[in-house]
Structures are given as structure tokens and as C-alpha cells.
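Heads up, target.cif below (mmCIF, C-alpha atoms):
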```cif
data_model
loop_
_atom_site.label_atom_id
_atom_site.label_comp_id
_atom_site.auth_asym_id
_atom_site.auth_seq_id
_atom_site.Cartn_x
_atom_site.Cartn_y
_atom_site.Cartn_z
CA MET A 145 193.89 124.66 268.68
CA SER A 146 192.77 127.85 266.95
CA GLU A 147 189.94 129.74 268.60
CA VAL A 148 188.41 130.46 265.18
CA LEU A 149 188.26 127.68 262.59
CA LEU A 150 187.84 127.88 258.82
CA GLN A 151 186.65 125.19 256.42
CA VAL A 152 185.79 125.59 252.73
CA GLU A 153 183.64 123.14 250.80
CA ARG A 154 182.00 123.64 247.38
CA GLY A 155 182.34 127.38 247.50
CA ILE A 156 181.02 127.79 251.05
CA ALA A 157 183.36 128.90 253.83
CA THR A 158 182.37 127.96 257.37
CA ILE A 159 183.90 130.09 260.13
CA THR A 160 183.48 128.61 263.60
CA LEU A 161 184.02 130.48 266.87
CA ASN A 162 185.90 127.78 268.75
CA ALA A 163 186.12 128.82 272.39
CA PRO A 164 183.19 126.88 273.88
CA GLU A 165 184.70 126.82 277.36
CA ARG A 166 184.27 130.63 277.42
CA ARG A 167 180.93 130.59 275.62
CA ASN A 168 182.64 131.89 272.47
CA ALA A 169 183.05 135.29 274.12
CA LEU A 170 184.77 137.95 272.04
CA SER A 171 188.20 137.70 273.61
CA VAL A 172 191.30 139.16 271.98
CA ALA A 173 192.10 135.72 270.53
CA VAL A 174 188.58 135.24 269.13
CA ARG A 175 188.42 138.75 267.70
CA THR A 176 191.85 138.36 266.15
CA GLY A 177 191.04 134.95 264.69
CA LEU A 178 187.71 136.11 263.32
CA GLY A 179 189.31 139.12 261.68
CA GLU A 180 191.95 136.92 260.06
CA ARG A 181 189.43 134.36 258.80
CA LEU A 182 187.26 137.11 257.30
CA LYS A 183 190.28 138.46 255.40
CA GLU A 184 191.06 134.96 254.11
CA VAL A 185 187.57 134.35 252.74
CA ALA A 186 187.41 137.85 251.26
CA ALA A 187 190.54 137.08 249.23
CA ASP A 188 189.47 133.56 248.20
CA GLU A 189 187.82 133.75 244.78
CA GLU A 190 186.45 130.23 245.21
CA VAL A 191 184.30 131.26 248.18
CA ARG A 192 180.74 132.15 247.19
CA ALA A 193 179.26 132.65 250.68
CA VAL A 194 180.19 132.35 254.36
CA VAL A 195 178.56 130.58 257.30
CA LEU A 196 179.39 131.94 260.75
CA THR A 197 178.65 129.60 263.66
CA GLY A 198 179.91 128.59 267.07
CA ALA A 199 181.28 125.46 268.72
CA GLY A 200 179.56 124.06 271.77
CA THR A 201 176.19 125.13 273.11
CA VAL A 202 176.47 128.95 272.84
CA PHE A 203 176.80 131.02 269.69
CA CYS A 204 178.48 134.03 271.31
CA ALA A 205 178.20 135.52 274.79
CA GLY A 206 179.46 138.98 273.80
CA ALA A 207 182.43 140.68 275.41
CA ASP A 208 184.91 138.62 277.39
CA LEU A 209 184.25 140.16 280.79
CA LYS A 210 187.24 138.43 282.40
CA GLU A 211 189.57 140.14 279.92
CA VAL A 212 187.76 143.45 280.40
CA GLN A 213 188.16 143.12 284.18
CA ALA A 214 191.86 142.32 283.77
CA GLY A 215 192.43 145.20 281.36
CA VAL A 216 193.52 142.91 278.51
CA THR A 217 193.61 144.76 275.18
CA GLY A 218 194.50 144.05 271.56
CA GLY A 219 193.00 142.60 268.41
CA PRO A 220 190.38 144.14 266.14
CA SER A 221 187.73 146.26 267.82
CA ILE A 222 184.05 145.32 267.73
CA PRO A 223 183.30 148.08 265.17
CA GLU A 224 186.12 146.77 262.98
CA LEU A 225 184.74 143.23 263.07
CA LEU A 226 181.15 144.29 262.41
CA THR A 227 182.33 146.44 259.51
CA ALA A 228 184.40 143.56 258.11
CA ILE A 229 181.32 141.31 258.09
CA MET A 230 179.07 143.94 256.54
CA ASP A 231 181.65 144.97 253.92
CA LEU A 232 182.65 141.42 252.98
CA PRO A 233 181.86 141.09 249.25
CA LYS A 234 180.08 137.79 249.91
CA PRO A 235 176.93 137.06 251.87
CA VAL A 236 177.40 135.92 255.47
CA VAL A 237 174.87 133.61 257.10
CA ALA A 238 174.80 133.35 260.89
CA ARG A 239 174.01 129.76 261.87
CA LEU A 240 173.18 130.03 265.54
CA ASN A 241 174.06 126.84 267.37
CA GLY A 242 172.88 128.29 270.68
CA PRO A 243 172.06 131.49 272.58
CA ALA A 244 173.50 134.89 271.76
CA ARG A 245 173.97 137.71 274.21
CA ALA A 246 175.04 141.35 274.09
CA GLY A 247 177.88 141.86 271.59
CA GLY A 248 177.15 138.45 270.10
CA LEU A 249 173.92 139.95 268.82
CA GLY A 250 175.95 142.59 267.02
CA ILE A 251 177.63 139.76 265.13
CA VAL A 252 174.22 138.29 264.26
CA ALA A 253 172.91 141.66 263.06
CA ALA A 254 175.99 142.32 260.92
CA CYS A 255 175.41 139.09 258.99
CA ASP A 256 173.24 139.27 255.88
CA LEU A 257 171.05 136.35 256.96
CA ALA A 258 170.62 134.56 260.27
CA VAL A 259 168.95 131.26 261.13
CA ALA A 260 168.39 129.96 264.66
CA PRO A 261 166.82 126.91 266.26
CA ASP A 262 163.47 127.81 267.77
CA ASP A 263 164.71 127.01 271.29
CA VAL A 264 167.51 129.62 271.19
CA THR A 265 167.27 132.72 273.37
CA PHE A 266 168.61 136.26 273.00
CA ALA A 267 169.23 139.19 275.35
CA PHE A 268 170.90 142.58 275.34
CA THR A 269 172.23 142.26 278.88
CA GLU A 270 174.40 145.39 278.92
CA VAL A 271 172.12 147.60 281.00
CA ARG A 272 171.90 144.89 283.67
CA ILE A 273 175.65 145.05 284.28
CA GLY A 274 175.87 148.84 284.12
CA VAL A 275 177.04 149.38 280.55
CA VAL A 276 175.46 150.57 277.29
CA PRO A 277 174.95 148.51 274.09
CA ALA A 278 176.45 151.42 272.19
CA MET A 279 178.53 149.90 269.41
CA ILE A 280 176.09 147.16 268.46
CA ALA A 281 173.26 149.73 268.35
CA VAL A 282 174.77 150.99 265.09
CA VAL A 283 173.97 147.70 263.33
CA LEU A 284 170.89 146.71 265.33
CA ARG A 285 169.04 149.93 264.46
CA ASP A 286 168.89 148.77 260.83
CA ARG A 287 167.68 145.26 261.67
CA MET A 288 165.09 145.37 264.42
CA SER A 289 161.86 147.32 264.55
CA PRO A 290 162.30 150.50 266.65
CA ARG A 291 159.76 149.54 269.33
CA ALA A 292 161.25 146.09 269.80
CA LEU A 293 164.79 147.46 269.90
CA SER A 294 163.81 150.00 272.55
CA ARG A 295 162.14 147.32 274.64
CA TYR A 296 164.93 144.79 274.60
CA PHE A 297 167.77 147.32 274.84
CA LEU A 298 166.18 149.11 277.79
CA THR A 299 164.94 146.11 279.76
CA GLY A 300 167.70 143.59 279.05
CA GLU A 301 165.03 140.88 279.17
CA THR A 302 165.43 137.53 277.44
CA PHE A 303 163.40 136.80 274.31
CA GLY A 304 163.03 133.82 272.02
CA ALA A 305 163.76 132.96 268.42
CA ALA A 306 160.17 133.55 267.31
CA GLU A 307 160.31 137.12 268.63
CA ALA A 308 163.76 137.59 267.09
CA ALA A 309 162.40 136.60 263.68
CA GLU A 310 159.24 138.68 264.08
CA HIS A 311 161.23 141.81 264.89
CA GLY A 312 163.90 141.36 262.21
CA LEU A 313 166.91 140.27 264.25
CA ILE A 314 167.08 136.90 262.50
CA THR A 315 165.84 135.71 259.11
CA ALA A 316 164.19 132.51 260.29
CA ALA A 317 163.65 130.24 263.27
CA CYS A 318 163.27 126.51 262.74
CA PRO A 319 163.20 123.27 264.73
CA ARG A 320 166.71 122.41 265.88
CA GLU A 321 166.70 119.18 263.88
CA LYS A 322 166.03 121.17 260.71
CA LEU A 323 168.77 123.79 261.25
CA ASP A 324 171.27 122.30 258.82
CA GLU A 325 168.55 121.69 256.24
CA THR A 326 167.33 125.29 256.48
CA VAL A 327 170.80 126.80 256.27
CA GLY A 328 171.75 124.34 253.53
CA GLY A 329 168.87 125.52 251.38
CA LEU A 330 170.20 129.08 251.52
CA LEU A 331 173.71 127.91 250.68
CA GLU A 332 172.54 125.94 247.65
CA ALA A 333 170.88 129.12 246.39
CA PHE A 334 174.18 131.02 246.73
CA ARG A 335 175.98 128.34 244.73
CA VAL A 336 174.07 129.30 241.57
CA THR A 337 174.50 133.07 241.93
CA GLU A 338 177.02 135.03 239.86
CA PRO A 339 179.77 136.25 242.24
CA LYS A 340 180.16 139.80 240.89
CA ALA A 341 176.42 140.42 240.81
CA LEU A 342 176.08 138.94 244.28
CA ALA A 343 178.78 141.21 245.72
CA ARG A 344 177.34 144.31 244.02
CA THR A 345 173.84 143.51 245.22
CA LYS A 346 175.04 143.22 248.82
CA ARG A 347 176.84 146.58 248.56
CA LEU A 348 173.84 148.20 246.87
CA LEU A 349 171.56 147.30 249.76
CA THR A 350 173.88 149.19 252.11
CA GLU A 351 174.25 152.16 249.76
CA LEU A 352 170.50 152.60 249.29
CA ALA A 353 169.74 152.71 253.02
CA GLY A 354 168.56 156.21 253.87
CA MET A 355 169.44 157.59 250.44
CA PRO A 356 167.00 160.18 248.99
CA ARG A 357 164.74 158.66 246.33
CA GLU A 358 166.10 160.63 243.38
CA GLU A 359 169.68 159.83 244.29
CA ALA A 360 168.77 156.18 244.90
CA PHE A 361 167.17 155.81 241.47
CA SER A 362 170.18 157.45 239.84
CA LEU A 363 172.55 154.99 241.50
CA ALA A 364 170.27 152.04 240.73
CA GLU A 365 170.07 153.04 237.07
CA ARG A 366 173.87 153.14 236.74
CA VAL A 367 174.34 149.78 238.45
CA SER A 368 171.58 148.16 236.41
CA ALA A 369 172.98 149.43 233.10
CA GLU A 370 176.51 148.30 234.00
CA PHE A 371 175.48 144.75 234.83
CA PHE A 372 172.95 144.28 232.03
CA ALA A 373 175.78 145.11 229.62
CA SER A 374 178.23 142.65 231.21
CA GLU A 375 179.46 139.37 229.78
CA GLU A 376 178.11 137.64 232.88
CA ALA A 377 174.61 138.88 232.10
CA ALA A 378 174.97 137.65 228.51
CA GLU A 379 176.00 134.23 229.82
CA GLY A 380 173.06 134.27 232.22
CA ARG A 381 170.65 134.95 229.36
CA ARG A 382 172.21 132.22 227.22
CA ALA A 383 171.93 129.73 230.05
CA PHE A 384 168.29 130.70 230.60
CA PHE A 385 167.32 130.23 226.97
CA GLU A 386 169.39 127.05 226.62
CA LYS A 387 167.88 125.64 229.82
CA ARG A 388 171.24 124.86 231.40
CA PRO A 389 173.13 126.03 234.51
CA PRO A 390 175.29 129.13 233.97
CA ARG A 391 179.04 128.54 233.95
CA TRP A 392 179.48 129.90 237.48
CA ALA A 393 177.06 127.40 239.09
CA LEU A 394 178.78 125.11 241.58
#
```

How does this structure look as C-alpha cells?
Amino acid sequence: MSEVLLQVERGIATITLNAPERRNALSVAVRTGLGERLKEVAADEEVRAVVLTGAGTVFCAGADLKEVQAGVTGGPSIPELLTAIMDLPKPVVARLNGPARAGGLGIVAACDLAVAPDDVTFAFTEVRIGVVPAMIAVVLRDRMSPRALSRYFLTGETFGAAEAAEHGLITAACPREKLDETVGGLLEAFRVTEPKALARTKRLLTELAGMPREEAFSLAERVSAEFFASEEAAEGRRAFFEKRPPRWAL
């Protein structure tokens, strides 16, 4: 059985890390499978958004330490996977089925949105085993508040979903029995978005980060003018005035 599964339904692709016996650790097989599934959904014009989740009771435990110990190499690197998630021209929602640790939190941070049950825990455990959370720091620095990131990176202590939401690591925490309902609400919203505008908005958020104000307004003006003049925008206006769903709604 594949260690990363893919299912598509009504424009939503669900990618599932499927190595529960190893806590969905980022082994060569998992990294390879995840990279392949991300390429598939990127090329599928029917896919509007992506859900990334895990099988079993753990979302992702981070690096596969058994493979590291054995010197096993291969597959996409962690930076390559995080970049693939961030650059995917479709929003990615992390649906945490269980705890996330170390590199698994890099996956969470790379996703556009993240929802977790309120009983899920998180920890950057790297410093407790003598290593540095170096690669995931690149994505975490743009998600979590600086003070919180310093605390949890430097102590390696465990924290809960409420703290993760408060400090920007996840979008929302909810009761476990409402997880599918909460994620489903986000997915229904994506089903009525226009794909080109959605992809450009995701890219724009990355481009604007850290950009000087004058340069940012110049870019924003060009993007706004391009899309307001598009046929999709004209259809969106027609649908609004005619009180009907636009043609791209699923």
C-alpha cells in the first residue's frame, strides 16, 4: 500500500500520510510519495484546494530517525517539500488528525491554513536530541510570533492547540468531533472561488511579505488592474448582479 494516498472529490484533493506504524515520519518513501502527490494535484485543473492529513493517531512525527541513524538517503529534501506546498497554485489545508512534532510542524506551517482538534499537542523537539530546527525555521518565522517561536524552539517543551492558534501556528482549534465540520466549511468556501484569482492571491501573499511599501503598492496595482479587466471578473460581476453562482462554482 502506498505510504501517501490521494483522493479527489468535488474539486478537493485529500493527501494522506499513510505510515501510521511509524507515526507518519518523513521517511524517504513518505517524502517521495508526498512530492509525487503534490505534483499530481498541481497539474489537475479540476482540483480547487488540497487537504493534507495523516492516517492513524499522529499527524507527522518529523524526521524518520531510524533512517537517519542507518544513513538512508533519497527522495525530496525537506526544503523541497515545504517549497512545493507553499508554491502550489492552490490552497493547502492541514487537517491535523493528531500530534505534530519537529519537522512535521514545518509541514503544518507551510500549509496556507491549519485546523487541529483541541486535544492535539505540538513540540519542536530538536534541541532535546541535540539537533537544530534549522530548515523548518525558514517557514515557522513567518507563522509564529517571535517570542513564542523563541520559547518553543529553545525549550523543546510541549504546547497545546490553543497556544498554537494563539501564536499563529494553526488557523483554528476545535473540538475533535467538529474537526470535519470545521475543515469542511473552509473547503466549501474554496469551491466557490475562481481558480486563477485564488492562485494569484496565494502567490501575492508570499510576494508582499517584507516588500517595501512603494514596491508593494506598485505590484498590487498591476495585479488588481489585470484581474479587474479579466473575463473571469466580468463573469463574477454578472453572477453577482444576476444573483446566481458564477460558472466556476462547484

Problem - Evaluate the PyMOL selection byres ((chain A and resi 165) around 10) and report residues as a list in words - result: Asn162, Ala163, Pro164, Arg166, Arg167, Asn168, Ala169, Ala199, Gly200, Thr201 and Val202 of chain A

Just so the selection is clear, what residues does the PyMOL selection byres ((chain A and resi 215-221) around 8) cover here, as a PyMOL selection string? chain A and resi 172-173+175-176+179+211-214+222-225

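The smallest atom-to-atom distance between Thr197 of chain A and any of A:Gly248, A:Gly304, A:Pro356, A:Pro389, using all atoms listed in the file, is found for A:Gly248.
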
Notebook entry, point to check: Can you list, as a ChimeraX atom specification, every protein, DNA or RNA residue that comes within 12 Å of Val252 of chain A when you count only C-alpha atoms, leaving out same-chain residues fewer than 2 positions away?
Noted result: /A:195-198,203-206,225-226,229-230,236-250,254-260,266,280,283-284,287-288,308-309,312-315

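For the pair atom CA of Ala305 of chain A and atom CA of Ser146 of chain A, the separation is 29.5 Å.
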
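Minimum atom-to-atom distances from A:Arg344, A:Phe384, A:Arg272, A:Glu375 to Thr302 of chain A were compared using only C-alpha atoms, and the lowest value belongs to A:Arg272.
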
Practice prompt. Evaluate the PyMOL selection byres ((chain A and resi 318-335) around 6) and record the selected residues as a PyMOL selection string, following the chain and residue labels used in the document.
Written response: chain A and resi 261-262+317+336-337+393-394

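The closest residue to Gly354 of chain A, picked from A:Glu190, A:Glu184, A:Glu270, A:Asp286 and counting all atoms listed in the file, is A:Asp286.
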
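The space between atom CA of Arg291 of chain A and atom CA of Lys346 of chain A spans 26.3 Å.
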